[in-house]
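Structure file protein.pdb; described as PDB, C-alpha atoms.
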```pdb
ATOM      1  CA  GLU A   1     -56.038   2.761-105.999
ATOM      2  CA  LEU A   2     -52.586   3.193-107.404
ATOM      3  CA  LYS A   3     -50.613   6.027-105.820
ATOM      4  CA  VAL A   4     -47.769   7.830-107.523
ATOM      5  CA  GLU A   5     -45.543  10.025-105.436
ATOM      6  CA  GLN A   6     -42.899  12.371-106.721
ATOM      7  CA  ASN A   7     -40.287  14.175-104.768
ATOM      8  CA  PRO A   8     -39.302  16.803-104.444
ATOM      9  CA  LEU A   9     -42.408  18.798-105.314
ATOM     10  CA  PHE A  10     -40.387  21.938-105.840
ATOM     11  CA  LEU A  11     -36.765  22.124-106.898
ATOM     12  CA  SER A  12     -34.653  25.208-107.334
ATOM     13  CA  MET A  13     -31.182  24.600-108.624
ATOM     14  CA  GLN A  14     -28.332  26.557-110.079
ATOM     15  CA  GLU A  15     -27.174  26.159-113.624
ATOM     16  CA  GLY A  16     -24.493  23.545-113.994
ATOM     17  CA  LYS A  17     -25.612  21.452-111.041
ATOM     18  CA  ASN A  18     -26.919  17.883-111.047
ATOM     19  CA  TYR A  19     -30.053  16.624-109.393
ATOM     20  CA  THR A  20     -32.470  13.678-109.361
ATOM     21  CA  ILE A  21     -36.263  13.577-109.253
ATOM     22  CA  TYR A  22     -37.821  10.446-107.766
ATOM     23  CA  CYS A  23     -41.069   8.729-108.681
ATOM     24  CA  ASN A  24     -42.455   5.978-106.434
ATOM     25  CA  TYR A  25     -45.587   4.025-107.248
ATOM     26  CA  SER A  26     -47.672   1.565-105.287
ATOM     27  CA  THR A  27     -48.548  -1.279-107.658
ATOM     28  CA  THR A  28     -46.960  -3.380-110.353
ATOM     29  CA  SER A  29     -46.468  -1.626-113.635
ATOM     30  CA  ASP A  30     -44.753  -2.358-116.894
ATOM     31  CA  ARG A  31     -45.080   1.096-118.397
ATOM     32  CA  LEU A  32     -43.767   4.314-116.953
ATOM     33  CA  TYR A  33     -43.686   7.665-118.687
ATOM     34  CA  TRP A  34     -41.999  10.977-118.013
ATOM     35  CA  TYR A  35     -43.545  14.193-119.268
ATOM     36  CA  ARG A  36     -42.555  17.838-119.243
ATOM     37  CA  GLN A  37     -45.104  20.636-118.958
ATOM     38  CA  ASP A  38     -44.377  24.320-119.482
ATOM     39  CA  PRO A  39     -46.723  26.864-117.873
ATOM     40  CA  GLY A  40     -50.058  26.982-119.662
ATOM     41  CA  LYS A  41     -49.021  24.244-122.085
ATOM     42  CA  SER A  42     -49.786  20.598-122.674
ATOM     43  CA  LEU A  43     -47.637  17.585-121.880
ATOM     44  CA  GLU A  44     -44.488  16.864-123.833
ATOM     45  CA  SER A  45     -43.373  13.239-123.840
ATOM     46  CA  LEU A  46     -39.801  12.766-122.628
ATOM     47  CA  PHE A  47     -39.323   9.044-121.999
ATOM     48  CA  VAL A  48     -41.187   5.754-122.102
ATOM     49  CA  LEU A  49     -39.722   3.021-119.880
ATOM     50  CA  LEU A  50     -41.036  -0.471-120.505
ATOM     51  CA  SER A  51     -38.872  -2.911-118.586
ATOM     52  CA  ASN A  52     -36.971  -3.362-115.362
ATOM     53  CA  GLY A  53     -33.571  -1.766-115.583
ATOM     54  CA  ALA A  54     -34.493   0.380-118.575
ATOM     55  CA  VAL A  55     -32.400   3.503-118.922
ATOM     56  CA  LYS A  56     -32.960   6.218-121.489
ATOM     57  CA  GLN A  57     -31.079   9.442-122.077
ATOM     58  CA  GLU A  58     -31.826  12.536-124.068
ATOM     59  CA  GLY A  59     -29.520  15.493-123.760
ATOM     60  CA  ARG A  60     -29.137  16.459-120.100
ATOM     61  CA  LEU A  61     -31.935  14.177-118.928
ATOM     62  CA  MET A  62     -31.668  10.504-118.077
ATOM     63  CA  ALA A  63     -34.496   8.297-116.842
ATOM     64  CA  SER A  64     -34.328   4.858-115.258
ATOM     65  CA  LEU A  65     -36.809   2.282-114.030
ATOM     66  CA  ASP A  66     -36.591  -0.283-111.235
ATOM     67  CA  THR A  67     -39.837  -2.240-111.310
ATOM     68  CA  LYS A  68     -38.899  -4.328-108.269
ATOM     69  CA  ALA A  69     -38.480  -1.235-106.132
ATOM     70  CA  ARG A  70     -41.373   0.470-107.961
ATOM     71  CA  LEU A  71     -39.128   3.447-108.499
ATOM     72  CA  SER A  72     -38.175   5.615-111.429
ATOM     73  CA  THR A  73     -35.687   8.434-111.440
ATOM     74  CA  LEU A  74     -35.151  11.403-113.708
ATOM     75  CA  HIS A  75     -31.598  12.650-113.458
ATOM     76  CA  ILE A  76     -30.625  16.119-114.587
ATOM     77  CA  THR A  77     -27.016  16.725-115.517
ATOM     78  CA  ALA A  78     -25.487  20.209-115.644
ATOM     79  CA  ALA A  79     -28.838  21.971-115.561
ATOM     80  CA  VAL A  80     -29.556  24.888-117.870
ATOM     81  CA  HIS A  81     -32.309  27.500-117.631
ATOM     82  CA  ASP A  82     -34.256  25.932-120.522
ATOM     83  CA  LEU A  83     -34.977  22.902-118.353
ATOM     84  CA  SER A  84     -37.186  24.988-116.059
ATOM     85  CA  ALA A  85     -40.643  23.340-116.200
ATOM     86  CA  THR A  86     -42.864  20.934-114.308
ATOM     87  CA  TYR A  87     -42.002  17.258-114.706
ATOM     88  CA  PHE A  88     -44.520  14.474-114.263
ATOM     89  CA  CYS A  89     -44.140  10.742-114.090
ATOM     90  CA  ALA A  90     -47.112   8.615-115.111
ATOM     91  CA  VAL A  91     -47.699   4.932-114.466
ATOM     92  CA  ALA A  92     -49.919   2.450-116.261
ATOM     93  CA  PRO A  93     -50.783  -0.486-113.960
ATOM     94  CA  SER A  94     -49.961  -3.951-115.263
ATOM     95  CA  THR A  95     -53.626  -4.893-114.921
ATOM     96  CA  ASN A  96     -54.630  -2.113-117.278
ATOM     97  CA  THR A  97     -54.729  -2.854-120.967
ATOM     98  CA  GLY A  98     -55.551   0.710-121.932
ATOM     99  CA  ASN A  99     -54.082   4.143-121.620
ATOM    100  CA  GLN A 100     -55.288   4.876-118.108
ATOM    101  CA  PHE A 101     -52.338   6.557-116.474
ATOM    102  CA  TYR A 102     -51.865   7.608-112.903
ATOM    103  CA  PHE A 103     -49.828  10.793-112.748
ATOM    104  CA  GLY A 104     -47.619  11.979-109.963
ATOM    105  CA  THR A 105     -48.105  15.369-108.363
ATOM    106  CA  GLY A 106     -45.345  16.845-110.476
ATOM    107  CA  THR A 107     -41.981  18.409-109.688
ATOM    108  CA  SER A 108     -41.678  22.096-110.433
ATOM    109  CA  LEU A 109     -38.096  22.750-111.467
ATOM    110  CA  THR A 110     -36.562  26.194-111.572
ATOM    111  CA  VAL A 111     -33.023  26.540-112.856
ATOM    112  CA  ILE A 112     -31.368  29.725-111.686
ATOM    113  CA  PRO A 113     -28.718  31.310-113.922
TER
ATOM    114  CA  GLU V   1     -46.539  18.594-133.201
ATOM    115  CA  THR V   2     -48.484  15.600-131.924
ATOM    116  CA  GLY V   3     -51.247  15.547-134.525
ATOM    117  CA  VAL V   4     -53.885  15.848-131.807
ATOM    118  CA  THR V   5     -55.916  19.040-131.934
ATOM    119  CA  GLN V   6     -58.410  20.242-129.367
ATOM    120  CA  SER V   7     -61.063  22.922-129.437
ATOM    121  CA  PRO V   8     -61.874  25.340-128.066
ATOM    122  CA  THR V   9     -58.602  26.371-126.448
ATOM    123  CA  HIS V  10     -60.283  28.512-123.820
ATOM    124  CA  LEU V  11     -63.856  28.941-122.704
ATOM    125  CA  ILE V  12     -65.862  30.338-119.817
ATOM    126  CA  LYS V  13     -69.119  28.788-118.658
ATOM    127  CA  THR V  14     -71.578  29.471-115.894
ATOM    128  CA  ARG V  15     -72.283  26.993-113.122
ATOM    129  CA  GLY V  16     -75.073  24.621-114.136
ATOM    130  CA  GLN V  17     -74.423  24.931-117.857
ATOM    131  CA  GLN V  18     -73.248  22.178-120.172
ATOM    132  CA  VAL V  19     -70.049  22.087-122.212
ATOM    133  CA  THR V  20     -68.708  20.040-125.121
ATOM    134  CA  LEU V  21     -64.984  19.805-125.762
ATOM    135  CA  ARG V  22     -63.647  18.345-128.983
ATOM    136  CA  CYS V  23     -60.570  16.413-129.981
ATOM    137  CA  SER V  24     -59.287  15.374-133.380
ATOM    138  CA  SER V  25     -56.732  12.586-133.491
ATOM    139  CA  GLN V  26     -54.389  11.326-136.166
ATOM    140  CA  SER V  27     -55.772   8.942-138.728
ATOM    141  CA  GLY V  28     -55.503   5.399-137.397
ATOM    142  CA  HIS V  29     -55.536   6.383-133.734
ATOM    143  CA  ASN V  30     -58.449   4.289-132.531
ATOM    144  CA  THR V  31     -57.869   4.928-128.829
ATOM    145  CA  VAL V  32     -58.571   8.242-127.161
ATOM    146  CA  SER V  33     -58.483   9.124-123.492
ATOM    147  CA  TRP V  34     -59.440  12.277-121.641
ATOM    148  CA  TYR V  35     -57.785  13.797-118.582
ATOM    149  CA  GLN V  36     -58.654  16.639-116.245
ATOM    150  CA  GLN V  37     -55.823  18.723-114.843
ATOM    151  CA  ALA V  38     -56.716  21.159-112.106
ATOM    152  CA  LEU V  39     -54.336  24.027-111.463
ATOM    153  CA  GLY V  40     -51.180  22.867-109.707
ATOM    154  CA  GLN V  41     -52.033  19.172-109.928
ATOM    155  CA  GLY V  42     -51.252  16.210-112.121
ATOM    156  CA  PRO V  43     -53.730  15.065-114.765
ATOM    157  CA  GLN V  44     -56.544  12.778-113.612
ATOM    158  CA  PHE V  45     -57.921  10.080-115.928
ATOM    159  CA  ILE V  46     -61.572  10.620-116.881
ATOM    160  CA  PHE V  47     -62.232   7.845-119.397
ATOM    161  CA  GLN V  48     -60.976   6.120-122.504
ATOM    162  CA  TYR V  49     -62.672   5.143-125.757
ATOM    163  CA  TYR V  50     -61.539   2.351-128.031
ATOM    164  CA  ARG V  51     -63.247   1.872-131.367
ATOM    165  CA  GLU V  52     -66.149   4.095-130.318
ATOM    166  CA  GLU V  53     -66.883   2.303-127.043
ATOM    167  CA  GLU V  54     -65.985   3.353-123.509
ATOM    168  CA  ASN V  55     -63.069   1.206-122.455
ATOM    169  CA  GLY V  56     -62.236   2.377-118.962
ATOM    170  CA  ARG V  57     -63.348   5.091-116.587
ATOM    171  CA  GLY V  58     -61.762   6.956-113.738
ATOM    172  CA  ASN V  59     -63.407   8.313-110.616
ATOM    173  CA  PHE V  60     -65.650  10.866-112.305
ATOM    174  CA  PRO V  61     -69.448  11.156-112.018
ATOM    175  CA  PRO V  62     -71.820  10.265-114.863
ATOM    176  CA  ARG V  63     -72.280  13.906-115.801
ATOM    177  CA  PHE V  64     -68.918  13.477-117.533
ATOM    178  CA  SER V  65     -69.625  11.604-120.756
ATOM    179  CA  GLY V  66     -67.965  11.100-124.085
ATOM    180  CA  LEU V  67     -68.258  10.019-127.658
ATOM    181  CA  GLN V  68     -65.799   8.757-130.214
ATOM    182  CA  PHE V  69     -66.531   8.915-133.927
ATOM    183  CA  PRO V  70     -65.318   6.822-136.872
ATOM    184  CA  ASN V  71     -63.324   9.766-138.237
ATOM    185  CA  TYR V  72     -60.952   9.662-135.204
ATOM    186  CA  SER V  73     -62.578  12.646-133.537
ATOM    187  CA  SER V  74     -64.075  12.575-130.052
ATOM    188  CA  GLU V  75     -66.005  14.681-127.589
ATOM    189  CA  LEU V  76     -66.063  15.208-123.851
ATOM    190  CA  ASN V  77     -69.394  16.425-122.509
ATOM    191  CA  VAL V  78     -69.863  17.775-119.015
ATOM    192  CA  ASN V  79     -73.346  18.517-117.720
ATOM    193  CA  ALA V  80     -74.413  20.608-114.731
ATOM    194  CA  LEU V  81     -71.059  22.346-114.490
ATOM    195  CA  GLU V  82     -69.627  22.985-111.055
ATOM    196  CA  LEU V  83     -66.965  25.476-110.030
ATOM    197  CA  ASP V  84     -64.549  22.592-109.361
ATOM    198  CA  ASP V  85     -64.796  21.561-113.003
ATOM    199  CA  SER V  86     -62.553  24.502-113.848
ATOM    200  CA  ALA V  87     -59.422  22.866-115.250
ATOM    201  CA  LEU V  88     -57.340  22.051-118.295
ATOM    202  CA  TYR V  89     -58.884  19.142-120.194
ATOM    203  CA  LEU V  90     -56.427  17.045-122.152
ATOM    204  CA  CYS V  91     -57.122  14.589-124.919
ATOM    205  CA  ALA V  92     -54.614  11.835-125.641
ATOM    206  CA  SER V  93     -54.611   9.368-128.501
ATOM    207  CA  SER V  94     -52.660   6.345-129.611
ATOM    208  CA  PRO V  95     -52.832   3.883-132.490
ATOM    209  CA  THR V  96     -53.440   0.960-130.151
ATOM    210  CA  ARG V  97     -55.472   0.314-127.037
ATOM    211  CA  SER V  98     -52.422   0.055-124.788
ATOM    212  CA  GLY V  99     -50.043   2.109-126.777
ATOM    213  CA  ASN V 100     -46.498   2.786-125.799
ATOM    214  CA  THR V 101     -46.636   6.096-127.593
ATOM    215  CA  ILE V 102     -49.350   8.430-126.411
ATOM    216  CA  TYR V 103     -49.939  11.792-128.022
ATOM    217  CA  PHE V 104     -51.441  14.632-126.003
ATOM    218  CA  GLY V 105     -53.273  17.592-127.445
ATOM    219  CA  GLU V 106     -52.741  21.183-126.337
ATOM    220  CA  GLY V 107     -55.775  21.064-124.098
ATOM    221  CA  SER V 108     -58.913  23.096-123.498
ATOM    222  CA  TRP V 109     -58.977  25.513-120.594
ATOM    223  CA  LEU V 110     -62.404  25.577-118.969
ATOM    224  CA  THR V 111     -63.347  28.199-116.416
ATOM    225  CA  VAL V 112     -66.649  27.819-114.589
ATOM    226  CA  VAL V 113     -67.944  30.962-112.889
TER
END
```

Starting from the file, lay out its structure as structure tokens.
Amino acid sequence: ELKVEQNPLFLSMQEGKNYTIYCNYSTTSDRLYWYRQDPGKSLESLFVLLSNGAVKQEGRLMASLDTKARLSTLHITAAVHDLSATYFCAVAPSTNTGNQFYFGTGTSLTVIP
Amino acid sequence: ETGVTQSPTHLIKTRGQQVTLRCSSQSGHNTVSWYQQALGQGPQFIFQYYREEENGRGNFPPRFSGLQFPNYSSELNVNALELDDSALYLCASSPTRSGNTIYFGEGSWLTVV
């Protein structure tokens, strides 16, 4: 079974600082997703990464994908309090033609003013 | 606004009872998948329906079943509820079977007592 590991699980950072969340997965994949979840809420789509070397940026968040290393990163630049949430990566195996995703355990981010 | 609506938003059931959760997708979204998210964990894939037929299933027992209807609505049925079934149940839809854009609903919170 595909395993998706995120680290760190918990991240507390000060406003203005930079940090990176890592997502490792155990099988080949050509689709990787990043989601944000606020407490008690559903999943908000942040990025869809579809090819090796893909890089996408939106505001203070930037995501990248290295399919050879089976690694994706979510980089946070100059964090602000509004970024406090739980972030999930989700992987669709290459053998899967549907929308069966394997989610990581999530990274709970707290940005301290 | 993802165009995916779920009902009910919250419900409480007693162990051994049965529950039906509903999802309404956007017109043209012929693929729907259901996920279970226990507190503090990432979502786990239950199953997917494509054009009204089950098209993939995760590691969930047969008492978890579903239906998809021609009007882009779907149901998740859980029989013989157990305490561990308490979770947020998420519906996700896309216009294609292996869509790059997946839309999640707000979820249904189920508490089993």

Q | Distance query segment 60-63 of chain V at most 10 Å, all atoms listed in the file, self and fewer than 3 positions along chain excluded, as number ranges by chain | A | V: 18, 36, 44-47, 57, 66, 77-81

Q. By how many Å are atom CA of Arg22 of chain V and atom CA of Phe47 of chain A apart?
A.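 Atom CA of Phe47 of chain A lies 27.0 Å from atom CA of Arg22 of chain V.
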
(Q) Applying the ChimeraX specification (/A :<12) & /V to the file I just gave you, which residues come out? Please list them as a ChimeraX atom specification. (A) /V:1-2,4-6,9-10,30-50,54-59,87-109

(Q) I'd like the neighbourhood of Ala69 of chain A as a VMD selection string, where a residue qualifies if any of its atoms comes within 9 Å (using only C-alpha atoms), though same-chain residues fewer than 3 positions away should be ignored. (A) chain A and resid 24 to 25 65 to 66 72

Next, dump the selected residues to file, keeping only C-alpha atoms, as an mmCIF file, in the frame of the given file.
```cif
data_model
loop_
_atom_site.group_PDB
_atom_site.id
_atom_site.type_symbol
_atom_site.label_atom_id
_atom_site.label_comp_id
_atom_site.auth_asym_id
_atom_site.auth_seq_id
_atom_site.Cartn_x
_atom_site.Cartn_y
_atom_site.Cartn_z
ATOM 1 C CA ASN A 24 -42.455 5.978 -106.434
ATOM 2 C CA TYR A 25 -45.587 4.025 -107.248
ATOM 3 C CA LEU A 65 -36.809 2.282 -114.030
ATOM 4 C CA ASP A 66 -36.591 -0.283 -111.235
ATOM 5 C CA SER A 72 -38.175 5.615 -111.429
#
```

Q) Hey, can you check how far atom CA of Leu11 of chain A sits from atom CA of Leu109 of chain A? A)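 Taking atom CA of Leu11 of chain A and atom CA of Leu109 of chain A, their separation equals 4.8 Å.
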
Q. Applied to the shown file, which residues does the PyMOL selection byres ((chain V and resi 27) around 8) return, written as a list in words?
A.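 Applied to this file, the PyMOL selection byres ((chain V and resi 27) around 8) returns Ser25, Gln26, Gly28, His29, Asn71 and Tyr72 of chain V.
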
Q.
Which residues would end up in the selection if the PyMOL selection byres ((chain A and resi 64) around 7) were applied here, given that I need the answer as a ChimeraX atom specification?
A. /A:53-56,62-63,65-66,72-74

Q | Interatomic distance, atom CA of Pro39 of chain A to atom CA of Cys23 of chain A (Å, one decimal) | A |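 Between atom CA of Pro39 of chain A and atom CA of Cys23 of chain A the gap works out to 21.1 Å.
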
Q.
Calculated over only C-alpha atoms, which of the candidates A:Gln6, A:Asn18, A:Thr27, A:Asn52 has the smallest distance to Thr77 of chain A?
A.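 That would be A:Asn18, the residue with the smallest distance to Thr77 of chain A.
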
Q.
Calculated over only C-alpha atoms, which of the candidates A:Leu71, A:Ile76, A:Ala85, A:Leu9 has the smallest distance to Glu58 of chain A?
A.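 Closest to Glu58 of chain A, using only C-alpha atoms: A:Ile76.
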
Is it possible to add all heavy atoms to segment 65-76 of chain V and hand it back as a CSV table (one decimal), in the frame of the given file?
```
chain,number,residue,atom,x,y,z
V,65,SER,N,-69.4,12.6,-119.8
V,65,SER,CA,-69.6,11.6,-120.8
V,65,SER,C,-68.8,11.9,-122.0
V,65,SER,O,-68.3,13.0,-122.2
V,65,SER,CB,-71.1,11.5,-121.1
V,65,SER,OG,-71.6,12.7,-121.7
V,66,GLY,N,-68.8,10.9,-122.9
V,66,GLY,CA,-68.0,11.1,-124.1
V,66,GLY,C,-68.5,10.4,-125.3
V,66,GLY,O,-69.4,9.5,-125.2
V,67,LEU,N,-67.9,10.7,-126.4
V,67,LEU,CA,-68.3,10.0,-127.7
V,67,LEU,C,-67.0,9.9,-128.5
V,67,LEU,O,-66.1,10.8,-128.4
V,67,LEU,CB,-69.3,10.8,-128.5
V,67,LEU,CG,-70.8,10.8,-128.0
V,67,LEU,CD1,-71.6,11.7,-128.8
V,67,LEU,CD2,-71.3,9.3,-128.1
V,68,GLN,N,-66.9,8.9,-129.2
V,68,GLN,CA,-65.8,8.8,-130.2
V,68,GLN,C,-66.4,8.4,-131.5
V,68,GLN,O,-67.4,7.6,-131.6
V,68,GLN,CB,-64.8,7.7,-129.8
V,68,GLN,CG,-63.6,7.6,-130.7
V,68,GLN,CD,-62.7,6.4,-130.4
V,68,GLN,OE1,-63.1,5.4,-129.8
V,68,GLN,NE2,-61.4,6.5,-130.7
V,69,PHE,N,-65.9,9.1,-132.6
V,69,PHE,CA,-66.5,8.9,-133.9
V,69,PHE,C,-65.6,8.2,-134.9
V,69,PHE,O,-64.4,8.1,-134.7
V,69,PHE,CB,-66.9,10.3,-134.5
V,69,PHE,CG,-67.8,11.1,-133.6
V,69,PHE,CD1,-67.2,12.1,-132.8
V,69,PHE,CD2,-69.1,10.9,-133.6
V,69,PHE,CE1,-68.1,12.8,-131.9
V,69,PHE,CE2,-70.0,11.6,-132.7
V,69,PHE,CZ,-69.4,12.6,-131.9
V,70,PRO,N,-66.1,7.6,-135.9
V,70,PRO,CA,-65.3,6.8,-136.9
V,70,PRO,C,-64.2,7.6,-137.5
V,70,PRO,O,-63.2,7.1,-138.0
V,70,PRO,CB,-66.3,6.3,-137.9
V,70,PRO,CG,-67.7,6.4,-137.2
V,70,PRO,CD,-67.6,7.5,-136.3
V,71,ASN,N,-64.3,8.9,-137.6
V,71,ASN,CA,-63.3,9.8,-138.2
V,71,ASN,C,-62.2,10.2,-137.3
V,71,ASN,O,-61.5,11.1,-137.6
V,71,ASN,CB,-64.0,11.0,-138.8
V,71,ASN,CG,-64.5,11.9,-137.8
V,71,ASN,OD1,-64.6,11.6,-136.6
V,71,ASN,ND2,-65.0,13.1,-138.2
V,72,TYR,N,-62.0,9.5,-136.2
V,72,TYR,CA,-61.0,9.7,-135.2
V,72,TYR,C,-61.1,11.0,-134.4
V,72,TYR,O,-60.2,11.5,-133.8
V,72,TYR,CB,-59.6,9.6,-135.9
V,72,TYR,CG,-59.4,8.4,-136.7
V,72,TYR,CD1,-59.3,8.4,-138.0
V,72,TYR,CD2,-59.2,7.1,-136.0
V,72,TYR,CE1,-59.2,7.2,-138.8
V,72,TYR,CE2,-59.0,6.0,-136.7
V,72,TYR,CZ,-59.0,6.0,-138.1
V,72,TYR,OH,-58.9,4.8,-138.8
V,73,SER,N,-62.3,11.5,-134.4
V,73,SER,CA,-62.6,12.6,-133.5
V,73,SER,C,-63.4,12.2,-132.3
V,73,SER,O,-63.9,11.1,-132.3
V,73,SER,CB,-63.4,13.7,-134.3
V,73,SER,OG,-64.6,13.3,-134.6
V,74,SER,N,-63.4,13.0,-131.3
V,74,SER,CA,-64.1,12.6,-130.1
V,74,SER,C,-64.6,13.8,-129.3
V,74,SER,O,-64.1,14.9,-129.6
V,74,SER,CB,-63.2,11.7,-129.1
V,74,SER,OG,-62.1,12.5,-128.8
V,75,GLU,N,-65.4,13.6,-128.4
V,75,GLU,CA,-66.0,14.7,-127.6
V,75,GLU,C,-66.0,14.3,-126.1
V,75,GLU,O,-66.2,13.1,-125.8
V,75,GLU,CB,-67.5,15.0,-128.0
V,75,GLU,CG,-67.7,15.6,-129.3
V,75,GLU,CD,-69.2,15.8,-129.6
V,75,GLU,OE1,-70.0,15.4,-128.8
V,75,GLU,OE2,-69.4,16.4,-130.7
V,76,LEU,N,-65.8,15.3,-125.3
V,76,LEU,CA,-66.1,15.2,-123.9
V,76,LEU,C,-67.2,16.2,-123.5
V,76,LEU,O,-67.1,17.3,-123.8
V,76,LEU,CB,-64.8,15.6,-123.1
V,76,LEU,CG,-65.0,15.9,-121.6
V,76,LEU,CD1,-65.4,14.6,-120.9
V,76,LEU,CD2,-63.7,16.4,-121.0
```
